[in-house]
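Here's the structure, in structure tokens; my notes come after.
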Amino acid sequence: MGVFYIIISAVLFLMQFTIGAWLVRCYPAMGVKWPLLVALLCTVVMLFGFTYTHNHQTGSLASVLYYVSYTWFGFVFLAFWICAGLAIVCKILTWSHVTTDWMGPATFVIWAVVFVMALWGGFSLPKVKHITVKIPGAPQMKLALLADTHLGMGVSLSRFDKALRKIEAENPDALLVLGDVFEYGPHRDSYANRLAQVKTTQGTYGVFGNHEYYVGYSNSKDFFEKAGIKLLENTSTVMPNGVQIVGLKDIKTAGVRAQDVMDILAELDKNSPIILLSHTPLYAQEVAQNGGSLMVSGHTHNGQLWPFTYLVKMHFPRIYGMYDVSGMPFYITSGVFYWGIPLRFLAPSEIAIIEVNS
């Protein structure tokens, strides 16, 4: 943990100092001292906020520090890339002997527009997205995906209730929970109890994400039980309508191998449809080649804050939307809320409703 804080401190400081350096380039009279001091102060405040909210998970101070620290972190990330892009444009214009005096005011205008968009994306409720798929031999049904809610300190019970009301209004036949459900914070059981109130004819099934392991395996398992989620850990079950549901442990955190996935699928009835749940969007090819009818995943948030999307793509060949993998539909949802930073920019959240054979 100490190494993590050292790395994050260095990154935060350098990003803020880079922003300050760009402002000095635009407004030389401000000098280097103030950007340096502000970068140091804001880095210390953010780190204090991160640690305080993890160690003190109740009270108004913790809540305020959470939103201030993580929101500022998001703003720094976005401002850094904006400044980097403007610096490149400035260099090109300078080479072309075009005046760049306007770039200082333009910086603040672009910041304002992007920040407002990011705030709106983070604090607005997720929109419902309908996806239609064809699964031979499967009955007509509606599946609701609940992924990457990251409940607790960063997402209030009231916001979670409003999102669940949207799901309930769709009247899904089954609820598929794709991990990273509860992080940390007060009223843990209240979140679980509200989730347990979502009733479906075919049941609620779920898998762990990486954050379920981070916050404690036993605590996460207890949350799933109280929430009425049938936890699948490299295991399968059959819904009342005869459709087989397979759930994987988190591939990265639990060290699930491609061979493990193939072994699990080998034990299933290939004459009945197979739906596979995996928090991390990997091994889709193996699933398709071994009898999978539909695969659903989360985890990526579609980058959450563009241009972080491109960094995510370096780790996952598929990060958002519907894919055809050797004839098998594979859907990756962008998630219901956000992780840590309460912002989303050019990567909106969603509640995915998959309509099978409708």
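We label chains A, B, ... in the order they appear in the structure tokens, count residues from 1 in each chain, and number ligands from 1 in the order shown.
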Using only C-alpha atoms, tabulate the residues of stretch 40-102 of chain A lying at most 10 Å from any atom of stretch 117-140 of chain A, each with its closest atom pair and that distance in Å to one decimal, by chain and increasing residue number, as a tab-separated table.
residue	atom	partner	partner_atom	distance
A:Thr71	CA	A:Leu119	CA	8.6
A:Gly74	CA	A:Ala118	CA	8.7
A:Phe75	CA	A:Ala118	CA	8.6
A:Leu78	CA	A:Ala118	CA	9.1
Item to complete: Just list the residues in stretch 4-243 of chain A DSSP gives strand (DSSP E) on the backbone, as a PyMOL selection string.
Response: chain A and resi 127-133+141-146+151-152+174-177+182-184+204-206+230-231+235-238
Worksheet item: Could you pull out the helix (DSSP H, G or I) residues of stretch 96-264 of chain A from DSSP and send them as a VMD selection string?
Response: chain A and resid 103 to 123 157 to 170 188 to 196 210 to 214 217 to 226 251 to 254 258 to 264
Worksheet entry | Shortest interatomic distance to A:Phe330 - which of A:Val113, A:Ala284, A:Val98, A:Met30, counting only C-alpha atoms | A:Ala284
Discussion item. If we count only C-alpha atoms and set the cut-off at 12 Å, which residues sit around A:Leu14, ignoring sequence neighbours fewer than 3 positions away in its own chain? Please answer as a ChimeraX atom specification.
Written reply: /A:7-11,17-21,35-36,38-40,42-43,76-77,80
Worksheet item: Using only C-alpha atoms, which residue out of A:Leu164, A:Leu157, A:Met46, A:Ala174 lies closest to A:Glu355?
Response: A:Ala174
Quick one: contact table of stretch 96-159 of chain A to stretch 298-315 of chain A, 9 Å max, nearest atom pair and distance in Å to one decimal per residue, counting only C-alpha atoms, chain and number order, as CSV?
residue,atom,partner,partner_atom,distance
A:Ala118,CA,A:Leu305,CA,7.9
A:Leu146,CA,A:Gly298,CA,8.9
A:Ala147,CA,A:Gly298,CA,5.9
A:Asp148,CA,A:His299,CA,6.5
Item to complete: Rank A:Phe115, A:Tyr205, A:Tyr320, A:Tyr331 by their smallest atom-to-atom distance to A:Leu231, using only C-alpha atoms, and report the top residue only.
Response: A:Tyr205
Worksheet entry | All residues 7 Å or closer to A:Ala192, only C-alpha atoms, same chain fewer than 4 positions away omitted, as a PyMOL selection string | chain A and resi 188+196+223+226-227
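Here the question is which of A:Ile110, A:Met262, A:Ile341, A:Val68 gets nearest to A:Gly291 using only C-alpha atoms, and that residue is A:Met262.
The spacing separating atom CA of A:Gly216 from atom CA of A:Leu195 amounts to 19.7 Å.
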Fill in: Selected residue, from A:Lys221, A:His150, A:His279, A:Lys230, that lies nearest to A:Ile245 when counting only C-alpha atoms
A:Lys230
Item to complete: Name the residues in contact with A:Lys270 at a cut-off of 12 Å, using only C-alpha atoms, excluding same-chain residues fewer than 6 positions from it; report them as a ChimeraX atom specification.
Response: /A:136-137,243-244,288-293
Residues of the last selection are to be written out with C-alpha atoms, as a PDB file, in the first residue's frame.
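See out_5.pdb below for the written result:
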ATOM      1  CA  PRO A 136     -31.476 -20.691 -30.846  1.00  0.00           C
ATOM      2  CA  GLY A 137     -33.478 -22.937 -28.551  1.00  0.00           C
ATOM      3  CA  VAL A 243     -31.525 -21.987 -19.587  1.00  0.00           C
ATOM      4  CA  GLN A 244     -28.119 -22.793 -18.091  1.00  0.00           C
ATOM      5  CA  ALA A 288     -18.030 -19.430 -28.052  1.00  0.00           C
ATOM      6  CA  GLN A 289     -16.095 -22.480 -29.200  1.00  0.00           C
ATOM      7  CA  ASN A 290     -17.285 -24.595 -26.274  1.00  0.00           C
ATOM      8  CA  GLY A 291     -21.035 -24.176 -26.464  1.00  0.00           C
ATOM      9  CA  GLY A 292     -21.693 -20.680 -25.102  1.00  0.00           C
ATOM     10  CA  SER A 293     -24.907 -19.083 -26.370  1.00  0.00           C
TER      11      SER A 293
END
